[in-house]
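**Student:** One structure, as structure tokens, below. Some questions next.
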Amino acid sequence: MNQSNKYYLIILNPVSGRGKNSRIVDQLKIDFPDSDIRITEFKGHPYSIMKEEDLKPFSAAIAMGGDGTMHEVINGMMDREDGMKIPIGLIPGGTGNSFMHDLNCLDPQSAIRIIKEGNLKSIDLAEIKMKDGIRHAYNIVGWGISVTINNLAEKWRKVGGQRYNLAALYEIIRNPNWQVKIILDDVEIEGSFSFFLACNTIYSGNGMKVAPRAILDDGLIDVILLRQAQRRKLIGLFTKIFDGRHIDSPLIEYHQVRSFSITPQDDTVLNIDGQVEGHTPIEVQVLPKAIQVFYPK
């Protein structure tokens with residue numbers, strides 16, 4: 001990226017990260033003197049800014065927040081009527097920060113340095129078609145227990161980043177399952193499943209290495225499936241998810257695909273980049289190298 005004429009649109013979520021983000025506005029003005037800083041005021045505001053703002057003056061957009069803020073920024077840009085795209089950077093300020101785990105960059109100053117260096121990488125997106133409309137995921141598309149985990153983690157927001165891990169353990173002990181038909185590329189699978197997670201990133205939640213083979217720009221999305229199983233075996237599996245050893249278990253099915261669909265018996269909600277939104281049934285396809293992000297050299 002040419003750094004000679006930089007003008008950044010910075011979208012800051014003051015609520016993300018338990019309110020810590022609002023305290024660093026002055027520092028952002030020092031780090032990015034040529035910038036327009038927008039402090040979001042409501043859920044969906046980052047989406048509206050990126051969808052409606054005239055992006056021609058800006059060399060890039062920077063999201064300051066968590067995975068949800070980045071999700072809204074990306075979807076706002078993808079839904080623009082003029083189709084204009086600019087590079088996007090993320091300064092981690094949430095409690096999950098799955099995407100930044102993949103970049104091995106979890107502190108704001110390191111993220112700022114990466115943005116200033118200007119190295120860009122084109123990454124894939126997952127395009128999700130559902131009756132609610134079309135959404136795009138850069139991180140995950142989850143169904144089943146991944147939704148109930150996220151719902152519970154949101155209720156436990158005051159716990160901080162560990163809320164994802166605690167919620168996951170709680171839901172594994174509860175051990176719900178659903179009847180569903182899944183099509184992975186052209187392969188149809190039917191049965192009772194507890195867990196479906198399609199990952200563009202290696203990490204999900206707070207440092208869970210859910211999809212250790214995932215690559216951001218390979219044109220594939222990694223699908224992890226878990227059928228109905230005994231609670232005791234699931235608890236043992238949970239302890240392995242932080243270093244990726246869970247994929248060696250016979251309980252886990254691991255696929256790399258270009259498209260998939262989910263059709264449960266009942267209408268159920270989804271976990272898209274950590275946001276509970278949309279409803280099944282869905283059809284998903286990978287959009288190879290759809291956007292540019294700032295990436296470590």
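Labeling convention for the structure tokens: chains A, B, ... as they appear, residues from 1 per chain, ligands from 1 in order of appearance.
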Write out as a tab-separated table (two decimals) with C-alpha atoms, in the first residue's frame which residues come within 12 Å of segment 215-223 of chain A when counting only C-alpha atoms, dropping same-chain ones fewer than 2 positions away.
**Tutor:**
chain	number	residue	atom	x	y	z
A	99	PHE	CA	-8.99	-12.80	13.70
A	100	MET	CA	-6.06	-11.13	15.46
A	102	ASP	CA	-4.45	-15.69	13.55
A	103	LEU	CA	-2.18	-12.69	12.97
A	121	LYS	CA	-3.19	-9.36	2.11
A	122	SER	CA	-6.27	-10.40	0.12
A	123	ILE	CA	-8.44	-12.77	2.16
A	124	ASP	CA	-11.49	-14.91	1.47
A	125	LEU	CA	-15.01	-14.21	2.67
A	126	ALA	CA	-17.95	-16.58	3.07
A	127	GLU	CA	-21.12	-15.35	1.36
A	137	ALA	CA	-18.28	-13.76	7.21
A	138	TYR	CA	-14.52	-13.33	7.49
A	139	ASN	CA	-14.12	-15.45	10.63
A	140	ILE	CA	-16.77	-18.14	11.24
A	141	VAL	CA	-20.22	-19.40	10.34
A	142	GLY	CA	-21.59	-21.45	13.22
A	143	TRP	CA	-24.71	-23.45	13.89
A	182	ILE	CA	-25.75	-30.72	5.57
A	183	ILE	CA	-24.31	-30.54	2.05
A	184	LEU	CA	-20.53	-30.05	1.80
A	185	ASP	CA	-19.72	-29.22	-1.83
A	195	PHE	CA	-21.71	-28.74	16.57
A	196	PHE	CA	-21.12	-27.20	13.16
A	197	LEU	CA	-18.49	-24.53	12.66
A	198	ALA	CA	-17.17	-23.29	9.31
A	199	CYS	CA	-13.92	-21.39	9.81
A	200	ASN	CA	-11.90	-19.05	7.66
A	201	THR	CA	-9.58	-18.45	10.61
A	202	ILE	CA	-7.63	-20.91	12.74
A	203	TYR	CA	-8.89	-19.46	16.02
A	210	VAL	CA	-10.75	-24.84	16.34
A	211	ALA	CA	-9.56	-25.09	12.71
A	212	PRO	CA	-5.78	-25.61	12.75
A	213	ARG	CA	-5.61	-26.18	8.97
A	225	LEU	CA	-18.60	-31.32	12.59
A	226	LEU	CA	-19.46	-33.06	15.83
A	247	ILE	CA	-9.30	-32.84	15.20
A	252	ILE	CA	-14.66	-34.91	14.89
A	253	GLU	CA	-15.22	-34.65	11.14
A	254	TYR	CA	-12.95	-32.10	9.44
A	255	HIS	CA	-13.65	-30.95	5.88
A	256	GLN	CA	-12.27	-28.25	3.58
A	257	VAL	CA	-14.88	-27.09	1.06
A	258	ARG	CA	-15.81	-24.30	-1.34
A	259	SER	CA	-19.50	-24.33	-0.49
A	260	PHE	CA	-21.98	-25.80	1.97
A	261	SER	CA	-25.60	-25.65	3.03
A	262	ILE	CA	-27.40	-26.28	6.32
A	284	VAL	CA	-22.76	-20.56	1.71
A	285	GLN	CA	-20.00	-20.17	-0.82
A	286	VAL	CA	-16.43	-18.93	-0.52
A	287	LEU	CA	-15.56	-15.66	-2.26
A	288	PRO	CA	-11.80	-16.04	-2.88
A	289	LYS	CA	-9.61	-13.06	-1.95
A	290	ALA	CA	-12.66	-10.79	-1.69
A	291	ILE	CA	-11.17	-8.01	0.47
A	292	GLN	CA	-7.78	-6.61	1.49
A	293	VAL	CA	-6.64	-6.40	5.10
A	295	TYR	CA	-1.26	-8.09	7.53
**Student:** Could you give me, as a list of chain:residue names, each residue of segment 41-84 of chain A that DSSP assigns to helix (DSSP H, G or I) when run on this structure's backbone?
**Tutor:**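 Those in segment 41-84 of chain A that DSSP calls helix (DSSP H, G or I) are A:His45, A:Pro46, A:Tyr47, A:Ser48, A:Ile49, A:Met50, A:Lys51, A:Glu52, A:Asp67, A:Gly68, A:Thr69, A:Met70, A:His71, A:Glu72, A:Val73, A:Ile74, A:Asn75, A:Gly76, A:Met77, A:Met78.
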**Student:** Go ahead and write the selection's residues with C-alpha atoms as a PDB file, in the first residue's frame.
**Tutor:**
ATOM      1  CA  HIS A  45     -23.507   1.889  13.363  1.00  0.00           C
ATOM      2  CA  PRO A  46     -20.189   0.593  11.912  1.00  0.00           C
ATOM      3  CA  TYR A  47     -22.222  -1.117   9.190  1.00  0.00           C
ATOM      4  CA  SER A  48     -24.106   2.093   8.354  1.00  0.00           C
ATOM      5  CA  ILE A  49     -20.922   4.164   8.210  1.00  0.00           C
ATOM      6  CA  MET A  50     -19.181   1.802   5.788  1.00  0.00           C
ATOM      7  CA  LYS A  51     -22.284   1.355   3.641  1.00  0.00           C
ATOM      8  CA  GLU A  52     -23.189   5.046   3.311  1.00  0.00           C
ATOM      9  CA  ASP A  67     -14.681  -9.364  15.877  1.00  0.00           C
ATOM     10  CA  GLY A  68     -18.199  -7.921  15.825  1.00  0.00           C
ATOM     11  CA  THR A  69     -17.004  -4.428  14.885  1.00  0.00           C
ATOM     12  CA  MET A  70     -14.883  -5.870  12.078  1.00  0.00           C
ATOM     13  CA  HIS A  71     -17.875  -7.933  10.925  1.00  0.00           C
ATOM     14  CA  GLU A  72     -20.064  -4.848  10.623  1.00  0.00           C
ATOM     15  CA  VAL A  73     -17.366  -2.844   8.828  1.00  0.00           C
ATOM     16  CA  ILE A  74     -16.840  -5.604   6.262  1.00  0.00           C
ATOM     17  CA  ASN A  75     -20.556  -6.147   5.662  1.00  0.00           C
ATOM     18  CA  GLY A  76     -21.204  -2.438   5.293  1.00  0.00           C
ATOM     19  CA  MET A  77     -18.514  -2.251   2.625  1.00  0.00           C
ATOM     20  CA  MET A  78     -19.744  -5.383   0.841  1.00  0.00           C
TER      21      MET A  78
END
**Student:** Pull the strand (DSSP E or B) assignments for segment 45-283 of chain A out of DSSP run on the backbone, and list those residues as a PyMOL selection string.
**Tutor:** chain A and resi 60-65+88-92+120-130+133-137+140-144+178-184+187-199+204+208+221-227+252-257+259-264+269-272+275-279+282-283
**Student:** Which is closest to Leu251 of chain A among A:Ser98, A:Thr40, A:Asn177, A:Ser194, if we use only C-alpha atoms?
**Tutor:**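 Smallest distance to Leu251 of chain A is found for A:Ser194.
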**Student:** Determine, using only C-alpha atoms, which residues of segment 105-207 of chain A have any atom at most 12 Å from an atom of segment 230-236 of chain A, and tabulate each with its shortest atom pair and distance in Å to one decimal place, rows ordered by chain and then rising number, as a Markdown table.
**Tutor:**
| residue | atom | partner | partner_atom | distance |
| --- | --- | --- | --- | --- |
| A:Ala168 | CA | A:Ile235 | CA | 10.0 |
| A:Leu169 | CA | A:Ile235 | CA | 7.4 |
| A:Tyr170 | CA | A:Ile235 | CA | 9.7 |
| A:Glu171 | CA | A:Ile235 | CA | 10.1 |
| A:Ile172 | CA | A:Leu234 | CA | 6.4 |
| A:Ile173 | CA | A:Arg231 | CA | 6.0 |
| A:Arg174 | CA | A:Arg231 | CA | 7.9 |
| A:Asn175 | CA | A:Arg231 | CA | 6.3 |
| A:Pro176 | CA | A:Arg231 | CA | 9.9 |
| A:Asn177 | CA | A:Gln230 | CA | 11.3 |
| A:Ser194 | CA | A:Leu234 | CA | 10.3 |
| A:Phe195 | CA | A:Leu234 | CA | 11.0 |
**Student:** Point out the residue among A:Leu90, A:Ile112, A:Ile241, A:Ala153 with the least atom-to-atom distance to Gln27 of chain A, counting only C-alpha atoms.
**Tutor:**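 Among the listed residues, the smallest separation from Gln27 of chain A belongs to A:Ile112.
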**Student:** Nearest to Phe32 of chain A: which of A:Arg135, A:Tyr8, A:Asn271, A:Asn165 is it, counting only C-alpha atoms?
**Tutor:**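 Closest candidate: A:Tyr8.
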**Student:** Tell me, in Å to one decimal, how far atom CA of Ile134 of chain A is from atom CA of Ala111 of chain A.
**Tutor:**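 About the pair atom CA of Ile134 of chain A and atom CA of Ala111 of chain A: they are 29.6 Å apart.
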**Student:** Which residues are near Val15 of chain A? Cut-off 10 Å, only C-alpha atoms, ignore same chain within fewer than 6 positions. Put them as a list in words.
**Tutor:**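 Selected residues are Asn21, Ser22, Ile39, Thr40, Glu41, Phe42, Lys43, Gly65, Gly66, Gly93 and Gly94 of chain A.
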**Student:** Using only C-alpha atoms, which of the listed residues (A:Pro14, A:Lys56, A:Gly133, A:Phe294) sits closest to Leu120 of chain A?
**Tutor:**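 Counting only C-alpha atoms, the residue closest to Leu120 of chain A is A:Phe294.
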